[in-house]
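Everything on this sheet refers to the single structure shown next.
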Amino acid sequence: MNSYTVVAYRGERRWTLRAVGVPGAVVHAVLLDDAEAAIRTLLAQLTGEDAKSLAIDLAPIPGPGGFD
């Protein structure tokens with residue numbers, strides 16, 4: 001099982017999640033739960049691992065700013 005750090009930023013209308021060190025692993029969603037499910041699915045596709053076996057360490061970015 002591999003562990004991935006995922007940075008989360010809340011914009012005005014949506015969440016943006018990006019997996020650190022995994023090119024192309026960026027998702028956007030209105031709800032955080034949907035964004036987490038989407039990043040897990042995308043990581044599984046990009047890495048060839050099973051989505052259920054991925055460990056995600058969610059690291060929110062506080063306040064305005066970020067990468068959105």
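Just remember, in the structure tokens the first chain shown is A, the second B, etc., residues are 1-based per chain, and ligands are 1-based in the order shown.
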Would you kindly return, as a list in words, each protein, DNA or RNA residue with an atom no farther than 9 Å from any atom of Asp57 in chain A, considering only C-alpha atoms and excluding same-chain residues fewer than 2 positions away? Ser3, Tyr4, Thr5, Val6, Val7, Ala55 and Ala59 of chain A
Using all heavy atoms, can you write the selected residues to a file as a tab-separated table (two decimals), in the first residue's frame?
chain	number	residue	atom	x	y	z
A	3	SER	N	1.25	5.48	0.19
A	3	SER	CA	0.61	6.63	0.81
A	3	SER	C	0.91	7.87	-0.02
A	3	SER	O	2.04	8.05	-0.47
A	3	SER	CB	1.13	6.81	2.23
A	3	SER	OG	0.55	7.93	2.83
A	4	TYR	N	-0.09	8.71	-0.23
A	4	TYR	CA	0.05	9.92	-1.02
A	4	TYR	C	-0.41	11.12	-0.21
A	4	TYR	O	-1.45	11.07	0.45
A	4	TYR	CB	-0.78	9.83	-2.31
A	4	TYR	CG	-0.31	8.75	-3.23
A	4	TYR	CD1	-0.88	7.48	-3.16
A	4	TYR	CD2	0.71	8.97	-4.14
A	4	TYR	CE1	-0.44	6.46	-4.00
A	4	TYR	CE2	1.15	7.96	-4.97
A	4	TYR	CZ	0.56	6.71	-4.90
A	4	TYR	OH	1.00	5.71	-5.72
A	5	THR	N	0.37	12.19	-0.27
A	5	THR	CA	-0.05	13.45	0.34
A	5	THR	C	-0.87	14.20	-0.69
A	5	THR	O	-0.45	14.38	-1.83
A	5	THR	CB	1.16	14.30	0.76
A	5	THR	OG1	1.92	13.56	1.72
A	5	THR	CG2	0.73	15.62	1.35
A	6	VAL	N	-2.05	14.62	-0.28
A	6	VAL	CA	-2.96	15.35	-1.16
A	6	VAL	C	-3.23	16.71	-0.55
A	6	VAL	O	-3.70	16.81	0.58
A	6	VAL	CB	-4.28	14.57	-1.36
A	6	VAL	CG1	-5.26	15.39	-2.19
A	6	VAL	CG2	-4.01	13.23	-2.04
A	7	VAL	N	-2.90	17.76	-1.30
A	7	VAL	CA	-3.12	19.12	-0.86
A	7	VAL	C	-4.53	19.54	-1.28
A	7	VAL	O	-4.91	19.35	-2.43
A	7	VAL	CB	-2.06	20.07	-1.47
A	7	VAL	CG1	-2.31	21.50	-1.04
A	7	VAL	CG2	-0.67	19.62	-1.08
A	55	ALA	N	-3.53	4.93	0.48
A	55	ALA	CA	-3.66	5.72	1.71
A	55	ALA	C	-3.45	7.18	1.33
A	55	ALA	O	-2.47	7.53	0.66
A	55	ALA	CB	-2.64	5.28	2.73
A	59	ALA	N	-3.97	17.27	3.25
A	59	ALA	CA	-3.35	18.44	3.86
A	59	ALA	C	-4.02	19.71	3.34
A	59	ALA	O	-3.70	20.19	2.25
A	59	ALA	CB	-1.86	18.46	3.51
Backbone DSSP call of strand (DSSP E or B) for chain A, listed as number ranges by chain: A: 3-10, 15-19, 26-29, 55-60
Tell me, as an MDAnalysis selection string, which residues lie within 12 Å of range 33-35 of chain A, counting only C-alpha atoms; anything in the same chain fewer than 3 positions away does not count. chainID A and resid 6:10 14:19 25:30 38:42 58
Within chain A, find each residue whose DSSP state, derived from the backbone, is alpha helix (DSSP H), and express the selection as a ChimeraX atom specification. /A:32-47
Atoms to include: N, CA, C and O atoms. Write the selected residues as an mmCIF file, in the first residue's frame.
data_model
loop_
_atom_site.group_PDB
_atom_site.id
_atom_site.type_symbol
_atom_site.label_atom_id
_atom_site.label_comp_id
_atom_site.auth_asym_id
_atom_site.auth_seq_id
_atom_site.Cartn_x
_atom_site.Cartn_y
_atom_site.Cartn_z
ATOM 1 N N LEU A 32 -16.230 18.194 -0.772
ATOM 2 C CA LEU A 32 -14.937 17.594 -0.431
ATOM 3 C C LEU A 32 -14.973 16.075 -0.557
ATOM 4 O O LEU A 32 -14.018 15.471 -1.052
ATOM 5 N N ASP A 33 -16.073 15.446 -0.139
ATOM 6 C CA ASP A 33 -16.176 13.986 -0.268
ATOM 7 C C ASP A 33 -16.070 13.544 -1.716
ATOM 8 O O ASP A 33 -15.425 12.536 -2.019
ATOM 9 N N ASP A 34 -16.703 14.291 -2.616
ATOM 10 C CA ASP A 34 -16.625 13.962 -4.044
ATOM 11 C C ASP A 34 -15.198 14.153 -4.571
ATOM 12 O O ASP A 34 -14.714 13.363 -5.383
ATOM 13 N N ALA A 35 -14.536 15.201 -4.098
ATOM 14 C CA ALA A 35 -13.161 15.456 -4.529
ATOM 15 C C ALA A 35 -12.221 14.348 -4.039
ATOM 16 O O ALA A 35 -11.346 13.897 -4.777
ATOM 17 N N GLU A 36 -12.428 13.891 -2.804
ATOM 18 C CA GLU A 36 -11.592 12.797 -2.277
ATOM 19 C C GLU A 36 -11.799 11.514 -3.069
ATOM 20 O O GLU A 36 -10.835 10.811 -3.381
ATOM 21 N N ALA A 37 -13.037 11.208 -3.398
ATOM 22 C CA ALA A 37 -13.315 10.010 -4.197
ATOM 23 C C ALA A 37 -12.693 10.134 -5.584
ATOM 24 O O ALA A 37 -12.121 9.172 -6.110
ATOM 25 N N ALA A 38 -12.762 11.332 -6.162
ATOM 26 C CA ALA A 38 -12.214 11.549 -7.498
ATOM 27 C C ALA A 38 -10.688 11.445 -7.503
ATOM 28 O O ALA A 38 -10.112 10.851 -8.412
ATOM 29 N N ILE A 39 -10.022 11.986 -6.478
ATOM 30 C CA ILE A 39 -8.553 11.908 -6.456
ATOM 31 C C ILE A 39 -8.103 10.472 -6.220
ATOM 32 O O ILE A 39 -7.123 10.020 -6.786
ATOM 33 N N ARG A 40 -8.858 9.723 -5.439
ATOM 34 C CA ARG A 40 -8.527 8.314 -5.210
ATOM 35 C C ARG A 40 -8.642 7.528 -6.525
ATOM 36 O O ARG A 40 -7.764 6.740 -6.874
ATOM 37 N N THR A 41 -9.706 7.768 -7.267
ATOM 38 C CA THR A 41 -9.905 7.094 -8.556
ATOM 39 C C THR A 41 -8.820 7.485 -9.553
ATOM 40 O O THR A 41 -8.260 6.629 -10.248
ATOM 41 N N LEU A 42 -8.512 8.784 -9.605
ATOM 42 C CA LEU A 42 -7.483 9.256 -10.536
ATOM 43 C C LEU A 42 -6.106 8.704 -10.172
ATOM 44 O O LEU A 42 -5.353 8.279 -11.051
ATOM 45 N N LEU A 43 -5.774 8.681 -8.885
ATOM 46 C CA LEU A 43 -4.494 8.104 -8.473
ATOM 47 C C LEU A 43 -4.392 6.634 -8.858
ATOM 48 O O LEU A 43 -3.338 6.173 -9.291
ATOM 49 N N ALA A 44 -5.485 5.908 -8.702
ATOM 50 C CA ALA A 44 -5.487 4.495 -9.081
ATOM 51 C C ALA A 44 -5.208 4.339 -10.578
ATOM 52 O O ALA A 44 -4.440 3.468 -10.991
ATOM 53 N N GLN A 45 -5.817 5.197 -11.388
ATOM 54 C CA GLN A 45 -5.601 5.135 -12.834
ATOM 55 C C GLN A 45 -4.167 5.504 -13.203
ATOM 56 O O GLN A 45 -3.556 4.872 -14.063
ATOM 57 N N LEU A 46 -3.638 6.528 -12.560
ATOM 58 C CA LEU A 46 -2.294 7.008 -12.903
ATOM 59 C C LEU A 46 -1.182 6.091 -12.403
ATOM 60 O O LEU A 46 -0.112 6.017 -13.016
ATOM 61 N N THR A 47 -1.422 5.411 -11.286
ATOM 62 C CA THR A 47 -0.374 4.583 -10.685
ATOM 63 C C THR A 47 -0.548 3.094 -10.937
ATOM 64 O O THR A 47 0.366 2.318 -10.683
#
Given only C-alpha atoms as the counted atoms, nearest of A:Met1, A:Leu31, A:Ile61, A:Leu54 to Arg13 in chain A: A:Leu31
Fewer than 3 positions away in the same chain doesn't count, so skip those; otherwise give me all residues within 8 Å of Ser53 in chain A, counting only C-alpha atoms, as number ranges by chain. A: 1-2, 49-50
